[in-house]
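Text of final-v4.cif, listed as mmCIF, C-alpha atoms:
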```cif
data_structure
loop_
_atom_site.label_atom_id
_atom_site.label_comp_id
_atom_site.auth_asym_id
_atom_site.auth_seq_id
_atom_site.Cartn_x
_atom_site.Cartn_y
_atom_site.Cartn_z
CA MET A 280 -21.97 -43.71 -4.61
CA ASP A 281 -24.42 -45.83 -6.52
CA ILE A 282 -26.05 -44.41 -9.64
CA SER A 283 -28.79 -46.38 -11.27
CA ARG A 284 -29.06 -46.45 -15.05
CA ARG A 285 -32.28 -44.42 -14.89
CA ARG A 286 -30.64 -41.76 -12.70
CA LEU A 287 -27.64 -41.48 -15.03
CA LEU A 288 -29.91 -40.95 -18.03
CA VAL A 289 -31.57 -38.06 -16.22
CA LEU A 290 -28.28 -36.55 -15.03
CA LEU A 291 -26.38 -36.58 -18.32
CA PRO A 292 -28.42 -33.98 -20.25
CA ALA A 293 -28.54 -31.78 -17.15
CA ALA A 294 -24.76 -31.93 -16.86
CA ALA A 295 -24.41 -31.09 -20.56
CA VAL A 296 -26.55 -27.98 -20.14
CA ALA A 297 -24.61 -26.92 -17.04
CA TRP A 298 -21.27 -27.40 -18.83
CA LYS A 299 -22.41 -25.13 -21.65
CA PHE A 300 -22.92 -22.34 -19.11
CA VAL A 301 -19.51 -22.98 -17.59
CA LEU A 302 -17.87 -22.64 -20.99
CA ALA A 303 -19.79 -19.49 -21.86
CA GLY A 304 -18.75 -17.71 -18.66
CA THR A 305 -20.41 -14.57 -17.42
CA PRO A 306 -21.22 -12.00 -20.08
CA ASP A 307 -19.09 -8.88 -19.59
CA ALA A 308 -19.15 -5.28 -20.79
CA ALA A 309 -15.64 -5.66 -22.22
CA PRO A 310 -14.88 -9.32 -22.84
CA ASN A 311 -11.20 -8.92 -23.76
CA TYR A 312 -10.30 -6.66 -20.86
CA LYS A 313 -8.22 -8.22 -18.07
CA LEU A 314 -8.06 -6.36 -14.75
CA SER A 315 -4.66 -7.78 -13.89
CA GLU A 316 -3.00 -6.46 -17.05
CA HIS A 317 -3.42 -2.74 -16.37
CA TRP A 318 -2.41 -0.13 -13.82
CA TRP A 319 -3.95 3.19 -14.78
CA ALA A 320 -2.48 6.62 -14.20
CA MET A 321 -2.55 10.05 -15.82
CA LEU A 322 0.07 12.50 -16.93
CA ILE A 323 -0.59 16.22 -16.88
CA ASP A 324 1.78 18.51 -18.70
CA ILE A 325 1.18 21.89 -17.08
CA PRO A 326 3.18 23.95 -19.60
CA LYS A 327 0.85 22.65 -22.32
CA CYS A 328 -2.46 23.52 -20.62
CA ILE A 329 -4.25 26.48 -22.20
CA GLY A 330 -7.20 26.53 -19.81
CA CYS A 331 -9.77 26.09 -22.57
CA GLY A 332 -12.09 24.03 -20.35
CA SER A 333 -12.64 21.31 -22.97
CA CYS A 334 -11.84 18.61 -20.43
CA VAL A 335 -14.34 19.95 -17.89
CA ARG A 336 -17.12 20.14 -20.49
CA ALA A 337 -16.31 16.72 -21.92
CA CYS A 338 -16.25 15.15 -18.46
CA ALA A 339 -19.64 16.62 -17.61
CA GLU A 340 -21.13 15.35 -20.85
CA GLU A 341 -19.56 11.92 -20.77
CA ASN A 342 -20.42 11.23 -17.15
CA ASP A 343 -23.59 13.25 -16.69
CA VAL A 344 -22.02 15.38 -13.93
CA PRO A 345 -24.61 17.71 -12.36
CA GLU A 346 -24.28 21.43 -13.05
CA GLY A 347 -22.12 23.17 -10.47
CA TYR A 348 -20.19 20.00 -9.57
CA TYR A 349 -16.93 18.88 -11.12
CA ARG A 350 -15.11 15.60 -11.44
CA THR A 351 -12.29 17.49 -13.08
CA TRP A 352 -11.64 21.22 -13.05
CA ILE A 353 -8.99 23.74 -13.99
CA GLU A 354 -7.36 26.24 -11.65
CA ARG A 355 -5.65 29.43 -12.74
CA TYR A 356 -2.66 30.26 -10.58
CA HIS A 357 -1.20 33.69 -10.16
CA VAL A 358 2.01 33.89 -8.21
CA ALA A 359 3.20 37.41 -7.54
CA ASP A 360 6.99 37.57 -7.70
CA TRP A 361 8.36 35.86 -4.55
CA LYS A 362 5.01 35.05 -2.87
CA ILE A 363 5.22 31.39 -3.73
CA GLU A 364 3.39 30.37 -0.55
CA ARG A 365 0.44 32.67 -1.25
CA PRO A 366 -0.69 31.98 -4.78
CA GLU A 367 -3.97 33.48 -5.95
CA VAL A 368 -6.06 30.61 -7.29
CA GLU A 369 -9.30 30.96 -9.20
CA SER A 370 -11.54 28.46 -10.94
CA PRO A 371 -14.69 30.22 -12.19
CA ASN A 372 -17.31 27.52 -12.80
CA GLY A 373 -14.50 24.95 -12.67
CA GLY A 374 -13.00 26.55 -15.77
CA LYS A 375 -15.84 25.04 -17.76
CA GLN A 376 -16.26 28.16 -19.92
CA GLY A 377 -12.58 28.98 -19.97
CA PHE A 378 -11.06 31.91 -18.11
CA PRO A 379 -11.61 35.63 -18.48
CA ALA A 380 -8.69 37.51 -19.98
CA HIS A 381 -6.65 39.20 -17.29
CA ALA A 382 -4.77 42.41 -17.70
CA GLU A 383 -1.05 41.63 -17.60
CA ASP A 384 -0.68 41.40 -13.84
CA GLY A 385 3.00 40.57 -13.55
CA GLY A 386 4.29 37.56 -11.69
CA LYS A 387 3.65 34.07 -12.92
CA ASN A 388 0.39 32.76 -14.34
CA PHE A 389 -0.48 29.24 -15.36
CA PHE A 390 -3.28 26.67 -15.40
CA VAL A 391 -3.45 23.45 -13.39
CA PRO A 392 -6.04 20.82 -14.36
CA LYS A 393 -7.14 18.70 -11.44
CA LEU A 394 -8.96 15.42 -11.02
CA CYS A 395 -9.00 12.36 -8.79
CA ASN A 396 -5.43 11.17 -8.28
CA HIS A 397 -6.49 7.51 -8.15
CA CYS A 398 -4.24 6.99 -5.14
CA VAL A 399 -2.78 3.59 -4.40
CA ASP A 400 -3.22 4.14 -0.65
CA SER A 401 -6.29 6.27 -1.05
CA PRO A 402 -7.60 7.97 2.11
CA CYS A 403 -11.17 8.02 0.76
CA THR A 404 -11.20 4.24 0.43
CA GLN A 405 -9.77 3.73 3.89
CA VAL A 406 -12.47 5.74 5.64
CA CYS A 407 -15.49 4.25 3.86
CA PRO A 408 -17.42 2.39 6.56
CA VAL A 409 -19.39 0.15 4.19
CA GLY A 410 -16.94 -0.81 1.45
CA ALA A 411 -18.71 1.38 -1.11
CA THR A 412 -15.50 2.83 -2.48
CA PHE A 413 -12.49 0.82 -3.48
CA VAL A 414 -9.34 0.60 -5.58
CA THR A 415 -9.90 -1.81 -8.46
CA PRO A 416 -7.22 -4.39 -9.34
CA ASP A 417 -6.27 -2.11 -12.26
CA GLY A 418 -5.68 0.90 -10.05
CA VAL A 419 -8.85 3.00 -10.40
CA VAL A 420 -10.75 4.33 -7.40
CA LEU A 421 -14.46 3.74 -7.94
CA VAL A 422 -17.72 4.17 -6.01
CA ASP A 423 -20.38 1.47 -5.69
CA LYS A 424 -23.52 3.59 -5.94
CA SER A 425 -25.78 0.87 -4.56
CA TYR A 426 -23.62 0.52 -1.43
CA CYS A 427 -22.89 4.17 -0.70
CA LEU A 428 -24.81 5.57 2.28
CA GLY A 429 -23.93 9.18 1.56
CA CYS A 430 -22.14 9.68 4.89
CA ARG A 431 -19.57 12.04 3.29
CA TYR A 432 -16.58 10.57 5.17
CA CYS A 433 -14.76 10.16 1.86
CA VAL A 434 -15.56 13.73 0.81
CA GLN A 435 -13.79 14.95 3.93
CA ALA A 436 -10.95 12.44 3.70
CA CYS A 437 -9.85 13.29 0.16
CA PRO A 438 -6.95 15.74 0.52
CA TYR A 439 -7.46 16.88 -3.08
CA GLY A 440 -11.14 17.80 -2.83
CA CYS A 441 -12.02 15.46 -5.66
CA ARG A 442 -15.28 14.09 -4.27
CA PHE A 443 -18.77 15.45 -3.87
CA LEU A 444 -22.21 14.22 -3.01
CA ASN A 445 -24.42 13.94 -6.07
CA PRO A 446 -27.55 15.97 -5.22
CA LYS A 447 -29.77 13.65 -7.28
CA THR A 448 -28.62 10.27 -5.98
CA ASN A 449 -27.23 11.45 -2.61
CA THR A 450 -24.26 9.19 -3.10
CA ALA A 451 -20.57 10.05 -3.30
CA GLU A 452 -19.32 10.76 -6.77
CA LYS A 453 -15.91 11.23 -8.32
CA CYS A 454 -13.80 10.78 -11.41
CA THR A 455 -13.95 7.16 -12.60
CA LEU A 456 -11.05 7.73 -15.00
CA CYS A 457 -13.80 7.07 -17.57
CA TYR A 458 -13.69 3.44 -16.55
CA HIS A 459 -16.46 2.60 -19.02
CA ARG A 460 -14.21 3.92 -21.80
CA ILE A 461 -10.80 2.56 -20.82
CA VAL A 462 -12.10 -1.02 -20.55
CA LYS A 463 -13.16 -0.66 -24.19
CA GLY A 464 -9.70 0.48 -25.24
CA LEU A 465 -10.64 4.16 -25.53
CA THR A 466 -8.95 7.00 -23.69
CA THR A 467 -10.81 9.13 -21.13
CA ALA A 468 -13.16 11.87 -22.37
CA CYS A 469 -10.88 14.62 -20.98
CA CYS A 470 -7.79 13.19 -22.66
CA GLU A 471 -9.72 12.63 -25.89
CA VAL A 472 -10.70 16.28 -26.24
CA CYS A 473 -7.59 17.96 -24.79
CA PRO A 474 -6.42 19.96 -27.84
CA THR A 475 -2.79 20.37 -26.73
CA GLY A 476 -2.13 16.93 -25.29
CA ALA A 477 -1.73 18.37 -21.80
CA ARG A 478 -3.56 15.31 -20.46
CA GLN A 479 -2.44 11.79 -21.26
CA LEU A 480 -3.94 8.58 -19.96
CA ALA A 481 -1.17 6.16 -19.02
CA ASP A 482 -1.05 2.44 -18.33
CA LEU A 483 1.89 1.82 -16.03
CA LYS A 484 1.73 -1.95 -16.57
CA ASN A 485 2.13 -1.57 -20.32
CA PRO A 486 5.88 -1.49 -21.04
CA LYS A 487 5.21 0.15 -24.42
CA ASP A 488 3.35 3.10 -22.92
CA PRO A 489 5.25 6.37 -23.57
CA ILE A 490 4.72 7.32 -19.91
CA HIS A 491 7.81 5.35 -18.89
CA GLU A 492 10.10 7.32 -21.18
CA PHE A 493 8.43 10.55 -20.06
CA LEU A 494 8.83 9.82 -16.35
CA ARG A 495 12.49 8.96 -16.89
CA THR A 496 13.34 12.14 -18.74
CA HIS A 497 11.22 14.81 -17.03
CA THR A 498 10.95 16.46 -13.63
CA VAL A 499 7.63 15.06 -12.52
CA GLN A 500 5.75 15.60 -9.29
CA VAL A 501 2.45 14.51 -7.71
CA LEU A 502 0.13 16.73 -5.69
CA LYS A 503 0.73 16.79 -1.92
CA PRO A 504 3.46 14.14 -1.86
CA HIS A 505 3.79 14.60 1.93
CA MET A 506 0.35 13.01 2.33
CA ALA A 507 1.81 9.71 1.04
CA THR A 508 -1.40 8.83 -0.74
CA GLY A 509 0.34 7.12 -3.64
CA ALA A 510 -1.20 9.57 -6.11
CA LYS A 511 -1.03 8.39 -9.72
CA VAL A 512 -1.70 11.67 -11.51
CA PHE A 513 1.75 12.91 -12.45
CA TYR A 514 2.34 16.59 -13.09
CA ASN A 515 5.12 17.77 -15.35
CA GLY A 516 6.53 21.27 -14.89
CA MET A 517 4.54 21.91 -11.72
CA ASP A 518 5.39 25.05 -9.80
CA GLY A 519 6.04 24.80 -6.06
CA SER A 520 3.09 27.07 -5.37
CA VAL A 521 0.56 24.50 -6.55
CA ARG A 522 -1.53 23.14 -3.71
CA MET B 5 -46.58 -16.29 23.73
CA SER B 6 -48.39 -18.57 26.20
CA SER B 7 -49.31 -20.92 23.39
CA ILE B 8 -45.62 -21.23 22.44
CA ILE B 9 -44.71 -22.11 26.05
CA ALA B 10 -47.54 -24.65 26.17
CA ALA B 11 -46.31 -26.25 22.96
CA TRP B 12 -42.78 -26.36 24.39
CA LYS B 13 -44.07 -28.16 27.51
CA ASN B 14 -46.15 -30.57 25.47
CA LEU B 15 -43.12 -31.61 23.46
CA GLY B 16 -41.51 -32.79 26.70
CA TYR B 17 -38.15 -31.21 26.05
CA GLN B 18 -37.78 -30.13 29.65
CA ARG B 19 -38.26 -33.65 30.94
CA ALA B 20 -35.82 -34.95 28.39
CA LEU B 21 -33.26 -32.37 29.47
CA ARG B 22 -33.74 -33.27 33.15
CA ASN B 23 -33.31 -36.93 32.38
CA PHE B 24 -30.19 -36.11 30.36
CA GLY B 25 -28.76 -34.33 33.43
CA ARG B 26 -29.59 -37.23 35.75
CA ARG B 27 -28.06 -39.75 33.41
CA THR B 28 -24.77 -37.84 33.14
CA ARG B 29 -24.63 -37.45 36.95
CA ARG B 30 -25.33 -41.15 37.47
CA ALA B 31 -22.55 -41.97 35.01
CA GLY B 32 -20.31 -39.73 37.06
CA ILE B 33 -19.20 -37.53 34.14
CA GLY B 34 -18.20 -34.15 35.52
CA SER B 35 -20.70 -34.44 38.36
CA HIS B 36 -19.04 -31.50 40.11
CA LEU B 37 -18.52 -29.26 37.11
CA PHE B 38 -21.91 -29.79 35.42
CA LYS B 39 -24.29 -30.03 38.34
CA ASP B 40 -27.33 -28.78 36.46
CA ILE B 41 -26.12 -29.55 32.99
CA GLU B 42 -29.55 -29.05 31.40
CA HIS B 43 -28.98 -25.28 31.66
CA LEU B 44 -25.78 -25.53 29.67
CA VAL B 45 -27.35 -27.77 27.06
CA ARG B 46 -30.23 -25.34 26.69
CA LEU B 47 -27.82 -22.46 26.32
CA ALA B 48 -25.74 -24.37 23.76
CA ALA B 49 -28.87 -25.16 21.77
CA VAL B 50 -29.88 -21.50 21.70
CA MET B 51 -26.40 -20.49 20.60
CA ALA B 52 -26.30 -23.15 17.91
CA ILE B 53 -29.63 -21.97 16.55
CA ALA B 54 -28.40 -18.34 16.63
CA LEU B 55 -25.21 -19.32 14.82
CA VAL B 56 -27.08 -21.18 12.08
CA ALA B 57 -29.48 -18.26 11.73
CA PHE B 58 -26.56 -15.84 11.45
CA VAL B 59 -24.77 -17.91 8.82
CA LEU B 60 -27.94 -18.33 6.77
CA LEU B 61 -28.87 -14.66 7.06
CA ARG B 62 -25.36 -13.55 6.14
CA ALA B 63 -25.33 -15.79 3.08
CA ALA B 64 -28.68 -14.33 2.01
CA VAL B 65 -27.83 -10.67 2.64
CA VAL B 66 -24.18 -10.31 1.55
CA PRO B 67 -23.90 -10.15 -2.27
CA HIS B 68 -22.08 -13.05 -3.88
CA SER B 69 -19.34 -10.89 -5.38
CA PHE B 70 -18.51 -9.16 -2.10
CA GLY B 71 -14.89 -9.95 -1.30
CA GLN B 72 -14.12 -11.17 -4.82
CA TYR B 73 -11.26 -8.65 -5.17
CA GLY B 74 -11.30 -7.00 -1.74
CA HIS B 75 -13.62 -5.50 0.84
CA TYR B 76 -16.20 -4.41 -1.71
CA ARG B 77 -18.74 -5.76 -4.16
CA GLY B 78 -16.79 -7.10 -7.15
CA ALA B 79 -19.80 -6.75 -9.46
CA ALA B 80 -19.68 -2.97 -8.94
CA ILE B 81 -16.68 -2.80 -11.30
CA GLY B 82 -18.75 -4.25 -14.13
CA GLU B 83 -21.64 -1.91 -13.32
CA VAL B 84 -19.40 1.15 -13.62
CA ALA B 85 -17.87 -0.24 -16.81
CA SER B 86 -21.26 -0.84 -18.43
CA ARG B 87 -22.07 2.88 -18.81
CA PRO B 88 -22.56 3.88 -22.48
CA ILE B 89 -19.96 6.19 -24.03
CA ALA B 90 -20.74 9.72 -25.26
CA PHE B 91 -17.50 10.55 -27.09
CA ALA B 92 -16.84 8.18 -29.97
CA GLY B 93 -13.08 8.85 -30.14
CA HIS B 94 -11.20 10.30 -33.12
CA GLU B 95 -10.33 6.86 -34.53
CA THR B 96 -14.03 6.22 -35.08
CA CYS B 97 -14.53 9.58 -36.83
CA GLU B 98 -11.46 9.10 -39.01
CA ALA B 99 -12.75 5.78 -40.32
CA CYS B 100 -15.35 7.66 -42.41
CA HIS B 101 -14.17 11.29 -42.65
CA THR B 102 -10.95 10.56 -44.51
CA ASP B 103 -11.11 13.88 -46.42
CA VAL B 104 -10.92 15.83 -43.14
CA VAL B 105 -8.03 13.67 -41.98
CA GLU B 106 -6.08 14.62 -45.11
CA GLN B 107 -6.82 18.31 -44.53
CA LYS B 108 -5.81 18.19 -40.87
CA LYS B 109 -2.53 16.44 -41.67
CA LEU B 110 -1.42 19.56 -43.53
CA GLY B 111 -1.89 21.89 -40.57
CA LYS B 112 -1.25 22.31 -36.88
CA HIS B 113 -4.71 21.08 -35.89
CA VAL B 114 -3.65 17.53 -36.70
CA VAL B 115 -3.23 16.95 -32.95
CA VAL B 116 -6.71 18.20 -32.09
CA ALA B 117 -9.28 15.41 -31.82
CA CYS B 118 -12.53 15.85 -33.77
CA GLU B 119 -14.78 15.95 -30.73
CA ALA B 120 -12.69 18.66 -29.06
CA CYS B 121 -14.54 21.15 -31.28
CA HIS B 122 -17.51 19.17 -32.61
CA GLY B 123 -18.62 17.82 -29.24
CA ALA B 124 -19.67 14.34 -28.15
CA LEU B 125 -20.83 12.39 -31.19
CA ALA B 126 -20.98 8.71 -30.29
CA LYS B 127 -24.68 8.80 -31.22
CA HIS B 128 -23.80 10.12 -34.67
CA ALA B 129 -21.17 7.40 -35.04
CA ASP B 130 -23.74 4.74 -34.12
CA ASP B 131 -26.35 6.08 -36.51
CA PRO B 132 -24.78 8.51 -39.02
CA SER B 133 -27.88 8.81 -41.19
CA SER B 134 -30.36 10.07 -38.59
CA VAL B 135 -28.18 11.88 -36.01
CA HIS B 136 -26.44 14.90 -37.49
CA PRO B 137 -23.88 17.05 -35.70
CA LYS B 138 -24.65 20.75 -35.29
CA LYS B 139 -22.90 23.35 -37.39
CA LEU B 140 -20.35 25.12 -35.23
CA ASP B 141 -20.08 28.84 -34.62
CA THR B 142 -16.37 29.41 -35.18
CA ALA B 143 -16.51 32.80 -33.44
CA VAL B 144 -17.24 30.91 -30.21
CA VAL B 145 -15.43 27.59 -30.71
CA CYS B 146 -12.06 28.99 -31.83
CA ALA B 147 -12.03 31.60 -29.06
CA ARG B 148 -12.25 28.92 -26.39
CA CYS B 149 -8.65 28.02 -27.10
CA HIS B 150 -7.23 31.03 -28.88
CA GLU B 151 -8.57 33.96 -26.82
CA ALA B 152 -5.55 35.67 -25.27
CA ASN B 153 -4.86 35.01 -21.60
CA SER B 154 -1.68 35.75 -19.68
CA ALA B 155 -1.76 32.29 -18.10
CA LYS B 156 -1.59 30.51 -21.47
CA PRO B 157 1.79 29.19 -22.58
CA LYS B 158 3.69 31.90 -24.44
CA GLY B 159 4.21 29.80 -27.56
CA PHE B 160 0.52 29.08 -28.01
CA PRO B 161 -1.15 31.19 -30.76
CA GLN B 162 -3.53 33.62 -29.03
CA VAL B 163 -5.45 36.68 -30.17
CA ALA B 164 -7.73 39.20 -28.51
CA THR B 165 -10.68 38.34 -30.75
CA ALA B 166 -12.27 41.79 -30.37
CA ASP B 167 -9.18 43.40 -31.95
CA HIS B 168 -8.28 40.54 -34.26
CA SER B 169 -11.61 39.99 -36.01
CA GLY B 170 -14.14 42.27 -34.35
CA GLY B 171 -16.57 39.43 -33.70
CA LEU B 172 -16.39 38.12 -37.27
CA ALA B 173 -16.59 34.32 -37.56
CA CYS B 174 -13.07 32.87 -37.76
CA ASP B 175 -13.86 30.70 -40.77
CA THR B 176 -14.36 33.83 -42.84
CA CYS B 177 -10.58 33.75 -43.36
CA HIS B 178 -9.28 30.57 -41.68
CA GLN B 179 -10.13 27.05 -42.59
CA PRO B 180 -10.64 25.38 -39.18
CA HIS B 181 -9.19 21.97 -40.12
CA ARG B 182 -6.07 23.65 -41.47
CA PRO B 183 -5.99 27.09 -39.89
CA LYS B 184 -2.87 28.75 -41.30
CA ILE B 185 -3.76 31.11 -44.16
CA GLU B 186 -1.77 30.02 -47.18
CA THR B 187 -4.06 30.80 -50.08
CA GLU B 188 -2.26 28.89 -52.76
CA LYS B 189 -1.80 25.72 -50.73
CA THR B 190 -5.38 25.79 -49.45
CA GLU B 191 -6.65 25.91 -53.03
CA THR B 192 -4.48 22.92 -53.92
CA ALA B 193 -5.62 20.98 -50.87
CA LYS B 194 -9.24 21.68 -51.74
CA MET B 195 -8.68 20.41 -55.25
CA VAL B 196 -7.01 17.30 -53.88
CA THR B 197 -9.87 16.46 -51.53
CA GLU B 198 -12.55 17.27 -54.06
CA GLY B 199 -10.78 15.13 -56.63
CA LYS B 200 -10.81 12.24 -54.15
CA LYS B 201 -14.55 12.52 -53.66
#
```
Rewrite the structure from the file as structure tokens, please.
Amino acid sequence: MDISRRRLLVLLPAAAVAWKFVLAGTPDAAPNYKLSEHWWAMLIDIPKCIGCGSCVRACAEENDVPEGYYRTWIERYHVADWKIERPEVESPNGGKQGFPAHAEDGGKNFFVPKLCNHCVDSPCTQVCPVGATFVTPDGVVLVDKSYCLGCRYCVQACPYGCRFLNPKTNTAEKCTLCYHRIVKGLTTACCEVCPTGARQLADLKNPKDPIHEFLRTHTVQVLKPHMATGAKVFYNGMDGSVR
Amino acid sequence: MSSIIAAWKNLGYQRALRNFGRRTRRAGIGSHLFKDIEHLVRLAAVMAIALVAFVLLRAAVVPHSFGQYGHYRGAAIGEVASRPIAFAGHETCEACHTDVVEQKKLGKHVVVACEACHGALAKHADDPSSVHPKKLDTAVVCARCHEANSAKPKGFPQVATADHSGGLACDTCHQPHRPKIETEKTETAKMVTEGKK
């Protein structure tokens, strides 16, 4: 290739400008965050949950969740004596305003907070026909609002009932694990406000995360393990009646 | 449509194609297989144009970041991450409200984050002088956690508020940041914090 002196003089400043852009890189919301260094999960300690509904309210406020829809919710279980296969489950308004006091009704009563399990082999992602939902390299299941057609396949596919169609945007919506917070080094809104520490955000790729010690020393279960979804929301002290 | 056909004829492509066929036959290249080769050439040309059109259209329509990490638009991750936060996080609150931190350390509420009761206050943290948090009604806020319910863990302090206080605000007796009533110690703690101010 032959470059004349005149051509070189024109090209040099152009190259300098281009190189400046290469060095600067693309501006990012969280410049120090590396996708490959994290693998997000959550730990839920059922014996600690008091059903106060702080998480549900915080989630709605943080993520602008429409009234009557829930990205996270709390269920109150009542298991009468031996009827472990027929628990009575209630979740008035998703537990957003807490739960009414019950007369002592015998049996076993407890709260179970629920949210997206951010499955590794997530059924919702597999059924999306347009690639609008996906598992990020750091293990969070997200929805691309601009790609979602609102076909509701994912809503039906999720075995945990964690998805809904936003009535304003008509696109699928779900827990993002407060992705906009965790990339900034903050915890999720629900974990932030949980007064008893029943919810803990966990980074499975961080060897210093207390989750590893907890998983080693406790009897931990995921929801619907027979579905083999690779759920990453771990429940401690979960009763067999929980669905 | 007729004008397009006329233009096509004028350009003499058909004659050129016929000549191309004759030449190949005369040369004896595949004279049996490609008897009327101009048809094949025409078809190949159409397919080539279609292929180029497809490639160009695909490049224009599919977003650049599609397939960056998988079968989805990679830029969507950044879009989700760019949402502003509503809850500032207790570390942010504690940077200024050191007196409250000292109070909370003395009681059981040390584990309760500020915004669990006070609500989302990232706006206040961004602009403390103009955005002020609301004063809380302790009769409502405390009951959210401490109202008795048989499904709550047995060790968790719970009261039936109607019997316990009769609707009176909890902070009439309890100090929310350090709820256990220990008159003497509370007085000392108050003196400590006021002295620090």
Compile the residues of chain B that lie within 9 Å of chain A, evaluated using only C-alpha atoms, and express the compilation as a PyMOL selection string. chain B and resi 73-78+80-94+113+115-121+123-124+147-157+160+164
If we count all atoms listed in the file, what is near Arg431 (chain A) at a cut-off of 12 Å, once residues fewer than 2 positions away on the same chain are taken out, given as a list in words? Cys403, Thr404, Val406, Cys407, Pro408, Val409, Ala411, Thr412, Cys427, Leu428, Gly429, Cys433, Val434, Gln435, Ala436, Cys437, Gly440, Arg442, Phe443, Leu444, Asn445, Asn449, Thr450, Ala451 and Glu452 of chain A
Padding 8 Å on each side, edges along x, y and z: where is the centre of the box around the listed atoms of region 74-88 of chain B, and how long are its edges in Å to one decimal? Output it as JSON.
```
{"center_x": -16.9, "center_y": -1.6, "center_z": -10.8, "size_x": 27.3, "size_y": 27.0, "size_z": 39.3}
```
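Computed from the coordinates, the CA of Lys127 (chain B) to CA of Asp417 (chain A) distance equals 28.6 Å.
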CA of Thr508 (chain A) to CA of Arg495 (chain A), straight-line distance in Å: 21.3 Å
Give me, as a ChimeraX atom specification, all polymer residues having an atom no more than 8 Å from region 175-186 of chain B, counting all atoms listed in the file and skipping those fewer than 3 positions away in the same chain. /B:104,107-108,110-114,142,172,189-190
Correct to one decimal, the distance CA of Pro345 (chain A)-CA of Tyr439 (chain A) is 19.5 Å
Output check: residues returned by the PyMOL selection byres ((chain A and resi 499) around 12), as an NGL selection string: :A and (321-325 or 490-498 or 500-502 or 504 or 511-519)
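Checking A:Leu287, A:Ala339, A:Cys430, A:Val358 one by one against Lys453 (chain A), counting only C-alpha atoms, you find the shortest gap at A:Ala339.
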Who sits within 6 Å of region 391-395 of chain A, all atoms listed in the file, same chain under 6 positions skipped, as a PyMOL selection string: chain A and resi 351-354+441+454
